[in-house]
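Colleague: I am attaching a structure below and will ask some questions about it afterwards.
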Amino acid sequence: MKRISILVAAAALAGCANLDGSDGWITLIDGDKGLESFDRFGDANWRAEGGAIVADSGKGGHLVSKGSYRDFELRAEFWAEHNTNSGIYMRCADRAKITDKSCYEANIFDERPDPSYGTGGITNFVKVTTPMKAAGKWNVYEITARGSHISVTLNGTRTAELEHSQLAEGPFTLQYGTLPPTNVPGGAIRWRKLQIRPL
C-alpha cells in the first residue's frame with residue numbers, strides 16, 4: 001500500500017506526465033496527448049490535432065510546464081512553417097512573464113530579422129554557430145542544462161553553447177509567437193514528442 005502511494009505521488013508531481021522507466025525520462029507530449037502537462041499563457045490557440053500539439057493563430061502565447069527544472073536533458077520533436085516564430089524557453093524566472101531575457105530560449109525562427117539568433121541559437125545570449133533551417137520538416141531539439149552550461153543540438157548538429165549563471169531554475173515553455181515588427185500571427189508550430197530527464 002505504501003508503494004502504491006509513492007507511485008501515485010510521483011505521477012502527480014510529474015504533472016500527469018508519463019514516467020517512461022528507470023532511465024528517468026518523463027514524457028510530457030506524445031502525439032496529441034500532453035496539453036494537461038502545461039499551463040497556458042497568452043492568446044495562442046493550442047490544441048491537439050493530427051497526432052501533435054499545435055498552435056497557428058492568436059496574438060502569441062506559451063505552454064508553460066507545471067514543473068520547475070534546474071539541471072536536465074530535454075528532447076523535443078517539432079515541425080514549423082517557414083514563417084514560424086517559436087522556441088523552447090528554459091529556466092524562466094517568472095512563469096507569468098515569459099521573455100527571451102528572463103528565460104533562456106532555444107529559438108525556432110528561420111526568418112528572424114536578425115538571423116544571428118535564428119533557429120538553433122539561444123536568443124540574446126549565443127548566436128547560432130551553424131545556421132540551419134527547420135521549416136517544412138520534422139526536427140529534433142536536444143538540450144542539456146547542467147549548472148551554468150547549456151548546450152543546444154538541432155538534428156544532431158551542435159548549434160549553441162552557453163556559460164551563464166543568471167537563471168538557475170524554473171519552468172520551461174513552448175512558444176507560439178507573432179512576427180515583428182507588425183505582430184501579425186506567425187506560421188504554425190507542431191510538437192509531436194517532448195521528453196525531459198532531470199539530472
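Quick note on naming: the chains in the C-alpha cells go A, B, ... in the order shown, residues restart at 1 in each chain, and ligands are numbered from 1 in order of appearance.
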Dump as a Markdown table the rows for residues of segment 62-144 of chain A within 8 Å of segment 38-54 of chain A: closest atom pair and distance in Å with one decimal, only C-alpha atoms counted, ordered by chain and rising residue number.
Modeller:
| residue | atom | partner | partner_atom | distance |
| --- | --- | --- | --- | --- |
| A:His62 | CA | A:Phe41 | CA | 5.2 |
| A:Leu63 | CA | A:Arg40 | CA | 4.8 |
| A:Val64 | CA | A:Asp39 | CA | 5.1 |
| A:Ser65 | CA | A:Phe38 | CA | 4.6 |
| A:Lys66 | CA | A:Phe38 | CA | 5.4 |
| A:Ala96 | CA | A:Phe41 | CA | 7.2 |
Colleague: Those residues you just picked out, can you put them in a file as a compact mmCIF listing (two decimals), in the first residue's frame with N, CA and C atoms?
Modeller:
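As written to disk, again.txt reads:
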# COMPACT_ATOMS: atom_id res chain seq x y z
N HIS A 62 2.26 30.94 -24.70
CA HIS A 62 3.17 29.88 -24.26
C HIS A 62 2.41 28.76 -23.57
N LEU A 63 2.90 27.54 -23.77
CA LEU A 63 2.58 26.42 -22.90
C LEU A 63 3.69 26.36 -21.87
N VAL A 64 3.36 26.51 -20.59
CA VAL A 64 4.36 26.58 -19.52
C VAL A 64 4.30 25.30 -18.70
N SER A 65 5.44 24.64 -18.56
CA SER A 65 5.47 23.37 -17.81
C SER A 65 5.01 23.59 -16.38
N LYS A 66 4.29 22.61 -15.85
CA LYS A 66 3.85 22.70 -14.47
C LYS A 66 5.00 22.48 -13.50
N ALA A 96 4.68 33.75 -15.27
CA ALA A 96 3.61 34.60 -15.79
C ALA A 96 4.13 35.71 -16.70
Colleague: Residues of segment 17-105 of chain A that have any atom at most 8 Å from an atom of segment 145-159 of chain A: could you tabulate them with the shortest-distance atom pair and the distance in Å to one decimal, using only C-alpha atoms, ordered by chain and increasing number, as CSV?
Modeller:
residue,atom,partner,partner_atom,distance
A:Arg70,CA,A:Ala145,CA,7.4
A:Asp71,CA,A:Arg146,CA,4.7
A:Phe72,CA,A:Ala145,CA,5.3
A:Glu73,CA,A:Ala145,CA,6.5
Colleague: So which bits of segment 101-184 of chain A end up strand (DSSP E) when you DSSP the backbone, as a ChimeraX atom specification?
Modeller: /A:104-108,138-146,149-154,157-163,173-176,178-179,184
Colleague: Suppose we keep C-alpha atoms; can you now write the selection as a tab-separated table (two decimals), in the first residue's frame?
Modeller:
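Final file, result.tsv:
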chain	number	residue	atom	x	y	z
A	104	TYR	CA	16.99	31.08	-21.99
A	105	GLU	CA	15.36	30.50	-25.40
A	106	ALA	CA	16.41	27.84	-27.90
A	107	ASN	CA	14.99	29.67	-30.90
A	108	ILE	CA	12.88	28.42	-33.81
A	138	TRP	CA	10.16	17.26	-38.51
A	139	ASN	CA	13.17	18.30	-36.43
A	140	VAL	CA	14.68	17.19	-33.13
A	141	TYR	CA	16.00	19.57	-30.48
A	142	GLU	CA	18.26	18.09	-27.79
A	143	ILE	CA	19.06	20.48	-24.96
A	144	THR	CA	21.21	19.90	-21.89
A	145	ALA	CA	21.32	22.30	-18.94
A	146	ARG	CA	23.82	21.50	-16.20
A	149	HIS	CA	26.35	25.33	-19.01
A	150	ILE	CA	23.58	24.96	-21.62
A	151	SER	CA	24.05	23.21	-24.96
A	152	VAL	CA	21.62	23.10	-27.89
A	153	THR	CA	21.72	20.46	-30.63
A	154	LEU	CA	19.42	20.55	-33.66
A	157	THR	CA	24.36	19.34	-35.01
A	158	ARG	CA	25.52	21.42	-32.03
A	159	THR	CA	24.24	24.93	-32.75
A	160	ALA	CA	24.84	26.84	-29.50
A	161	GLU	CA	26.65	26.57	-26.15
A	162	LEU	CA	26.25	28.98	-23.28
A	163	GLU	CA	28.06	29.58	-19.99
A	173	THR	CA	7.78	26.80	-22.13
A	174	LEU	CA	6.79	26.17	-25.74
A	175	GLN	CA	6.13	29.36	-27.68
A	176	TYR	CA	3.77	30.39	-30.42
A	178	THR	CA	3.85	36.73	-33.72
A	179	LEU	CA	6.07	38.30	-36.36
A	184	VAL	CA	0.77	39.50	-37.21
Colleague: Skip Glu111 of chain A itself and residues of its chain fewer than 5 positions away, then list as an NGL selection string all residues within 12 Å of it, counting only C-alpha atoms.
Modeller: :A and (80-86 or 116-119 or 131-135 or 178-180 or 186-187)
Colleague: Just the selected residues (C-alpha atoms), exported as a PDB file, in the first residue's frame, please.
Modeller:
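Once written, again12.pdb looks like this:
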ATOM      1  CA  ALA A  80       7.495  24.582 -38.242  1.00  0.00           C
ATOM      2  CA  GLU A  81       6.434  26.645 -41.248  1.00  0.00           C
ATOM      3  CA  HIS A  82       8.911  28.990 -42.955  1.00  0.00           C
ATOM      4  CA  ASN A  83       7.479  31.983 -41.045  1.00  0.00           C
ATOM      5  CA  THR A  84       7.023  30.314 -37.653  1.00  0.00           C
ATOM      6  CA  ASN A  85       8.261  32.237 -34.616  1.00  0.00           C
ATOM      7  CA  SER A  86       8.624  29.744 -31.791  1.00  0.00           C
ATOM      8  CA  SER A 116      22.384  35.535 -35.997  1.00  0.00           C
ATOM      9  CA  TYR A 117      19.937  34.476 -33.256  1.00  0.00           C
ATOM     10  CA  GLY A 118      17.782  32.421 -35.614  1.00  0.00           C
ATOM     11  CA  THR A 119      16.860  28.750 -35.406  1.00  0.00           C
ATOM     12  CA  PRO A 131      22.918  28.313 -39.302  1.00  0.00           C
ATOM     13  CA  MET A 132      20.130  25.821 -40.015  1.00  0.00           C
ATOM     14  CA  LYS A 133      16.580  25.913 -41.328  1.00  0.00           C
ATOM     15  CA  ALA A 134      13.742  23.965 -39.728  1.00  0.00           C
ATOM     16  CA  ALA A 135      10.772  24.756 -41.985  1.00  0.00           C
ATOM     17  CA  THR A 178       3.845  36.728 -33.725  1.00  0.00           C
ATOM     18  CA  LEU A 179       6.072  38.299 -36.364  1.00  0.00           C
ATOM     19  CA  PRO A 180       7.967  41.549 -35.691  1.00  0.00           C
ATOM     20  CA  GLY A 186       3.328  33.627 -37.441  1.00  0.00           C
ATOM     21  CA  GLY A 187       3.210  30.206 -39.074  1.00  0.00           C
TER      22      GLY A 187
END
Colleague: Which of segment 8-144 of chain A end up as alpha helix (DSSP H) when DSSP is run on this backbone - answer as a PyMOL selection string?
Modeller: chain A and resi 8-13
Colleague: Can you measure atom CA of Gln195 of chain A to atom CA of Glu77 of chain A for me? One decimal in Å is fine.
Modeller: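 Those two atoms sit 9.3 Å apart.
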Colleague: Hey, which of A:Gly34, A:Pro171, A:Arg95, A:Val126 ends up closest to Ser68 of chain A? Count only C-alpha atoms.
Modeller: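 Once distances to Ser68 of chain A are computed over only C-alpha atoms, the minimum belongs to A:Pro171.
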Colleague: Tell me, in Å to one decimal, how far atom CA of Glu169 of chain A is from atom CA of Cys92 of chain A.
Modeller: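 Atom CA of Glu169 of chain A sits 7.0 Å away from atom CA of Cys92 of chain A.
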